[in-house]
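Reviewing the structure listed below.
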Amino acid sequence: MNVKDGILEYLKNKDISITRAESTLGWSKGALLKANSISSDRLREFILQFNDLNLDWLITGKGEMLKNTSIEKASINYEYKGAPYYNVDFIGGFDLVYNNQSIKPDYYIDFEPYNKPGVIWCNITGHSMEPELNNGDFIAMKEMTSPIEYLPYGEIYGIVTDDYRTVKRMTSSDKPGFVHLIPTNKSPEFQPQDIPVSIIRKVYAVLGSMHRLF
């Protein structure tokens with residue numbers, strides 16, 4: 001198996017079309033499918049974007065295709081083991097859960113890295129953070145109580161304003177009193193934006209994610 005064949009197999013496994021992958025990477029249409037081989041620069045771009053792809057597997061064919069095979073150790077239960085999962089989208093519906101403590105979780109996800117106080121699981125919708133976070137993934141989140149200027153930049157957060165909720169990578173902005181939100185997907189319809197800190201009501205750290213395994 002050569003590198004190109006490995007990439008195509010990976011995309012098929014992830015149910016990502018070649019056209020969508022090229023668009024996400026900012027490559028021209030046909031750049032992947034029509035290429036006889038993948039240059040080192042193109043391979044580096046691909047690995048940075050699709051960062052769950054195991055490079056050793058791609059180069060040697062040995063091991064697992066995906067890096068995060070340990071996620072398979074996660075299990076669900078109804079016995080309060082792990083962190084609660086609510087079958088709602090952070091983009092729409094999450095406020096119902098967080099503002100109404102009488103709503104009970106659908107079940108608990110027992111996965112050791114995220115079995116911590118204050119962590120909950122919910123869903124994410126949309127394609128702006130692909131391939132890091134895919135439409136329909138479970139995401140583990142925890143509310144941040146520190147002032148936003150003291151939060152680590154470069155991490156992925158759930159941002160809540162009066163009008164909307166979004167999940168983006170947050171960095172500093174050139175504009176005083178603003179933060180810069182960056183989508184992972186490089187498609188033209190997803191653009192970075194600066195928003196004023198004053199409109200942000202809550203911030204949740206996105207601790208991790210998993211595909212629907214259950």
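In the structure tokens, the first chain shown is A, the next is B, and so on; residue numbers restart at 1 for each chain, and ligands run from 1 in the order shown.
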Excluding Leu33 in chain A and its own-chain neighbours fewer than 6 positions away, which residues fall within 12 Å of it when counting only C-alpha atoms? Please give them as a PDB file with C-alpha atoms, in the first residue's frame.
ATOM      1  CA  LYS A   4      -2.010   7.784  -1.517  1.00  0.00           C
ATOM      2  CA  ASP A   5      -3.849   4.460  -1.204  1.00  0.00           C
ATOM      3  CA  ILE A   7      -5.055   8.195   2.586  1.00  0.00           C
ATOM      4  CA  LEU A   8      -7.928   7.079   0.371  1.00  0.00           C
ATOM      5  CA  LEU A  11     -11.069   8.784   4.094  1.00  0.00           C
ATOM      6  CA  SER A  17     -15.536  12.298   0.571  1.00  0.00           C
ATOM      7  CA  ILE A  18     -12.420  13.131  -1.423  1.00  0.00           C
ATOM      8  CA  THR A  19     -13.985  16.410  -2.525  1.00  0.00           C
ATOM      9  CA  ARG A  20     -14.706  17.387   1.059  1.00  0.00           C
ATOM     10  CA  ALA A  21     -11.175  16.459   2.156  1.00  0.00           C
ATOM     11  CA  GLU A  22      -9.661  18.561  -0.640  1.00  0.00           C
ATOM     12  CA  TRP A  27      -6.511  21.986  -2.181  1.00  0.00           C
TER      13      TRP A  27
END
Residues of range 129-205 of chain A within 6 Å of range 118-121 of chain A: nearest atom pair and distance (Å, one decimal) for each, counting only C-alpha atoms, sorted by chain and number, as a tab-separated table?
residue	atom	partner	partner_atom	distance
A:Ile139	CA	A:Trp121	CA	5.5
A:Ala140	CA	A:Trp121	CA	4.5
A:Met141	CA	A:Val119	CA	5.5
A:Lys142	CA	A:Val119	CA	4.8
If you run DSSP on the backbone, which residues of chain A are alpha helix (DSSP H), as a PyMOL selection string? chain A and resi 3-13+18-25+40-49+55-60+94-98
Restricting it to C-alpha atoms, dump the selection as an mmCIF file, in the first residue's frame.
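Saved to part.cif:
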data_model
loop_
_atom_site.group_PDB
_atom_site.id
_atom_site.type_symbol
_atom_site.label_atom_id
_atom_site.label_comp_id
_atom_site.auth_asym_id
_atom_site.auth_seq_id
_atom_site.Cartn_x
_atom_site.Cartn_y
_atom_site.Cartn_z
ATOM 1 C CA VAL A 3 0.704 6.668 0.886
ATOM 2 C CA LYS A 4 -2.010 7.784 -1.517
ATOM 3 C CA ASP A 5 -3.849 4.460 -1.204
ATOM 4 C CA GLY A 6 -3.572 4.708 2.581
ATOM 5 C CA ILE A 7 -5.055 8.195 2.586
ATOM 6 C CA LEU A 8 -7.928 7.079 0.371
ATOM 7 C CA GLU A 9 -8.584 4.100 2.662
ATOM 8 C CA TYR A 10 -8.543 6.407 5.687
ATOM 9 C CA LEU A 11 -11.069 8.784 4.094
ATOM 10 C CA LYS A 12 -13.335 5.870 3.198
ATOM 11 C CA ASN A 13 -13.122 4.562 6.758
ATOM 12 C CA ILE A 18 -12.420 13.131 -1.423
ATOM 13 C CA THR A 19 -13.985 16.410 -2.525
ATOM 14 C CA ARG A 20 -14.706 17.387 1.059
ATOM 15 C CA ALA A 21 -11.175 16.459 2.156
ATOM 16 C CA GLU A 22 -9.661 18.561 -0.640
ATOM 17 C CA SER A 23 -11.900 21.483 0.309
ATOM 18 C CA THR A 24 -11.018 21.152 4.004
ATOM 19 C CA LEU A 25 -7.318 21.210 3.128
ATOM 20 C CA SER A 40 6.068 15.513 1.694
ATOM 21 C CA ASP A 41 4.545 19.010 2.000
ATOM 22 C CA ARG A 42 1.094 17.720 1.065
ATOM 23 C CA LEU A 43 1.480 14.785 3.445
ATOM 24 C CA ARG A 44 2.402 17.168 6.268
ATOM 25 C CA GLU A 45 -0.687 19.292 5.561
ATOM 26 C CA PHE A 46 -2.882 16.204 5.541
ATOM 27 C CA ILE A 47 -1.518 14.853 8.830
ATOM 28 C CA LEU A 48 -1.918 18.215 10.545
ATOM 29 C CA GLN A 49 -5.556 18.455 9.468
ATOM 30 C CA LEU A 55 1.475 8.080 10.409
ATOM 31 C CA ASP A 56 3.276 4.806 11.153
ATOM 32 C CA TRP A 57 0.332 2.876 9.726
ATOM 33 C CA LEU A 58 0.248 5.134 6.671
ATOM 34 C CA ILE A 59 3.962 4.685 5.948
ATOM 35 C CA THR A 60 4.546 1.081 6.982
ATOM 36 C CA PHE A 94 -27.499 22.373 25.727
ATOM 37 C CA ASP A 95 -28.912 25.317 27.685
ATOM 38 C CA LEU A 96 -31.952 23.222 28.635
ATOM 39 C CA VAL A 97 -29.717 20.721 30.365
ATOM 40 C CA TYR A 98 -27.432 23.200 32.046
#
